[in-house]
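This report concerns only the one structure given below.
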Amino acid sequence: MSLIGNLFTSSIGRKFIMAITGLVLVGFVFGHLVGNLQIFLSPDHINGYAHFLQGLGPALWLVRLVLLATVALHIWAAVVLTLESRAARGPNDYGVKKWLHATWASRAMRWSGVIVFFFILYHLAHFTLGIADHENFKSNFNWTMQHDAKELGITLAKQGEGVHDVYSMIFIGFQNPIVSIFYIIATSLLSVHLLHGIESLFQTIGWRNGTWACCLRKAVTGLVVLYFLGNLIIPGAILTGIAEPAAGSAAALKAAGQSVTAPAAHN
Amino acid sequence: MVAETSKNISVTIRVWRQPATDQPGKFVDYPAKDLNPNMSLLEMLDVVNDQLERIGEDPIAFAHDCREGICGTCSLVIDGKPHGPHHGVASCQTYMRSFEDNSIITIEPFRAKPFPVIKDLISDRSAFDKIQQAGGFISIRTGSAQDANATPIPKEVADLAMDAAQCIGCGACVAACKNASAMLFVSAKVSQLGLLPQGQPERDTRVLNMVAKMDELGFGSCTNQYECSAACPKLISHDFIARMNRDYIAASFRSAFKPTPAAGSGGGA
Ligand code: HEM
Ligand code: SF4
Ligand code: FES
């Protein structure tokens, strides 16, 4: 029996893969949310941050590949285990079906996961690749840095530098109610997925017992509620007009009915 | 516990009838009239079978043995819950006073692909024996009787091992699980020995082999919804599943990274 064999072919090994990849993805989505919340600061922040990430070049691709592999493994394990478990149920269903203990979030795992998957595809097409809503893609808007953008002592972009206007892309994107509502629904489902997922992960790894199960559930619920609200507030505030685009940004020009000419693409 | 009641009741039982594994089954309704409410559900089935035999019909096949909740033979899904409405009680200890007068009681066999229905309400649970044979034992020379305190075991550890050892191997956990996962059973069997000093020598091979056998026999995998422990007549805790997961992953790593044995036969050259 080999380690790799156990991890990839046994039920517990695959569950372990799903838990570890789930944990990596949880780390990613929380970090991603914190980055996105910079939309409520001046455009320098999120644009400088995006410029810095773009400038990482090969390192950015490495992170992207790792994330892609993580999602692929997670989905692979979920699909394989689900199919096996379906087959294990046998030929005849129960005449009377009853749930004894399972939480509603746990019962929604499979379809919440599938919808989140389609959301990820759309999200990449929208904000990363610019296939959906290409006209308002970040590379079509330019932003001139008004100050140096610095984070943790690292200079993300220098004053006067021309960068892609991610800020405006997000604002214009979320001013469309259909886009906003879809984001809100999808991130709500991701929150439901995580409500069971994060707790479940502890059981799968073996770090859960009856003594601290109650605190674990409270901690997970608190974390997921924060995550949900953080994700709600971005499209929510933009759609309702509570947050207005900063003066001088392409989004503000567009809102004022002025034409936004696409600058020649740089880098 | 419900107080003893004296008013007789009548119910309709809706029973799964299936002549053999490879033949289709269906639900059939039978009246069960004027029953002493303090008779057990199995005794009610005995009464119905008596009537069926008298009119020349095939009696309802159901599994039972001790009828006192310790052998794990009885295996009925009653109104959608393995072992019936109560918590921590086997089918054989379910009494008619737990049901309403004139109600319909649906009775089905434990279902899962690795538990094929043999006939009516009896399913073949020998898959559990195969999992046990894969590692649910310790290999030691028993020799002559040892001193009782030769192997000191802290009370909490002994208690926990005894909690796991409560499992009567009935299969309700599999029957209740939406994935037909056997992890509650296997985790109990792995833990009852793995927690004790006598179980240490084979601890890693035990968990690796029993899980491998469980997978091979076609049981599903756990989605941490804990339907199993909610149906378990012995209230085995799903904490044992977390313990088994940890044990399995650790054993996989330990067996992968153990030092390579010395080449050759060793000894004096
Ligand atoms: C992309 C499509 C996705 C699908 C199809 C999917 C599906 C699943 C399924 C079926 C489970 C098993 C849950 C169970 O029954 O215990 C699961 C668990 C989990 N998922 Fe996902 N998921 C997806 C995306 C994500 C994402 C994006 C994250 C993180 C942000 C995530 C985090 C988790 C976690 C933490 C678990 C718990 C692992 C465990 O059971 O121990 N999933 N997922
Ligand atoms: S764990 Fe409980 S439900 Fe499962 S076989 Fe053992 S006694 Fe029956
Ligand atoms: S017949 Fe023995 S436990 Fe029910």
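Going through the structure tokens in order, the chains are called A, B, and so on, while each chain numbers its residues from 1 and the ligands are numbered from 1 in the order shown.
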> Which residues of chain A are close to chain B, meaning at most 10 Å apart when you count only C-alpha atoms, and how do they look as JSON, numbers by chain?
Replying inline: {"A": [1, 2, 3, 4, 5, 6, 7, 9, 10, 11, 12, 13, 14, 15, 16, 81, 82, 83, 84, 85, 86, 87, 88, 89, 90, 91, 92, 93, 94, 95, 96, 97, 98, 99, 100, 101, 102, 103, 104, 105, 106, 107, 109, 196, 197, 199, 200, 201, 202, 203, 204, 205, 206, 207, 208, 209, 210, 211, 213]}
>> Within 10 Å of ligand 2 (counting only C-alpha atoms and all ligand atoms), which residues show up? I'd like them as an MDAnalysis selection string.
In response: chainID B and resid 69:73 75 82:83 88:90 125 128 164:176 181:189 227:238 240
>> Residues near Ile242 (chain A), anyone? I mean within 12 Å using only C-alpha atoms, not counting same-chain ones fewer than 6 positions away, as a list in words.
In response: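 Close residues of Ile242 (chain A): Phe40, Phe171, Gln175, Ile233, Ile234, Pro235 and Gly236 of chain A.
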>> For a quick check of understanding, using only C-alpha atoms and all ligand atoms, which of B:Ala127, B:Ile105, B:Ile153, B:Leu42 has the smallest distance to ligand 3?
In response: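 For ligand 3, the nearest of the given residues is B:Leu42.
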>> If we count only C-alpha atoms and set the cut-off at 8 Å, which residues sit around Met18 (chain A), ignoring sequence neighbours fewer than 5 positions away in its own chain? Please answer as a list of chain:residue names.
In response: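 Here the answer would be A:Leu73, A:His74, A:Ile75, A:Ala77, A:Ala78.
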Would you write out those residues with all heavy atoms, as an mmCIF file, in the first residue's frame?
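The resulting file, out.cif, is shown below:
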data_model
loop_
_atom_site.group_PDB
_atom_site.id
_atom_site.type_symbol
_atom_site.label_atom_id
_atom_site.label_comp_id
_atom_site.auth_asym_id
_atom_site.auth_seq_id
_atom_site.Cartn_x
_atom_site.Cartn_y
_atom_site.Cartn_z
ATOM 1 N N LEU A 73 -8.599 19.119 -8.406
ATOM 2 C CA LEU A 73 -8.557 17.986 -7.479
ATOM 3 C C LEU A 73 -9.805 17.945 -6.601
ATOM 4 O O LEU A 73 -10.385 16.882 -6.370
ATOM 5 C CB LEU A 73 -7.332 18.106 -6.564
ATOM 6 C CG LEU A 73 -6.018 17.546 -7.106
ATOM 7 C CD1 LEU A 73 -4.884 17.859 -6.137
ATOM 8 C CD2 LEU A 73 -6.147 16.030 -7.286
ATOM 9 N N HIS A 74 -10.202 19.112 -6.122
ATOM 10 C CA HIS A 74 -11.379 19.193 -5.255
ATOM 11 C C HIS A 74 -12.608 18.650 -5.985
ATOM 12 O O HIS A 74 -13.352 17.822 -5.457
ATOM 13 C CB HIS A 74 -11.586 20.651 -4.848
ATOM 14 C CG HIS A 74 -12.648 20.863 -3.820
ATOM 15 N ND1 HIS A 74 -12.425 20.677 -2.472
ATOM 16 C CD2 HIS A 74 -13.937 21.253 -3.932
ATOM 17 C CE1 HIS A 74 -13.539 20.952 -1.817
ATOM 18 N NE2 HIS A 74 -14.478 21.300 -2.668
ATOM 19 N N ILE A 75 -12.775 19.111 -7.225
ATOM 20 C CA ILE A 75 -13.953 18.687 -7.978
ATOM 21 C C ILE A 75 -13.847 17.212 -8.344
ATOM 22 O O ILE A 75 -14.819 16.461 -8.247
ATOM 23 C CB ILE A 75 -14.143 19.561 -9.232
ATOM 24 C CG1 ILE A 75 -14.387 21.000 -8.789
ATOM 25 C CG2 ILE A 75 -15.283 19.046 -10.095
ATOM 26 C CD1 ILE A 75 -14.510 21.975 -9.923
ATOM 27 N N ALA A 77 -12.345 14.833 -6.660
ATOM 28 C CA ALA A 77 -12.667 14.026 -5.477
ATOM 29 C C ALA A 77 -14.169 14.072 -5.199
ATOM 30 O O ALA A 77 -14.787 13.037 -4.916
ATOM 31 C CB ALA A 77 -11.889 14.530 -4.259
ATOM 32 N N ALA A 78 -14.760 15.271 -5.321
ATOM 33 C CA ALA A 78 -16.194 15.402 -5.044
ATOM 34 C C ALA A 78 -17.009 14.533 -5.998
ATOM 35 O O ALA A 78 -17.911 13.807 -5.583
ATOM 36 C CB ALA A 78 -16.628 16.860 -5.157
#
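Shortest atom-to-atom contact with ligand 3 among B:Pro37, B:Pro59, B:Gly84, B:Pro31: B:Gly84, counting only C-alpha atoms and all ligand atoms.
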>> Restricting the calculation to only C-alpha atoms and all ligand atoms: of B:Cys92, B:Asn38, B:Pro85, B:Ala63, which residue gets closest to ligand 3?
In response: B:Cys92
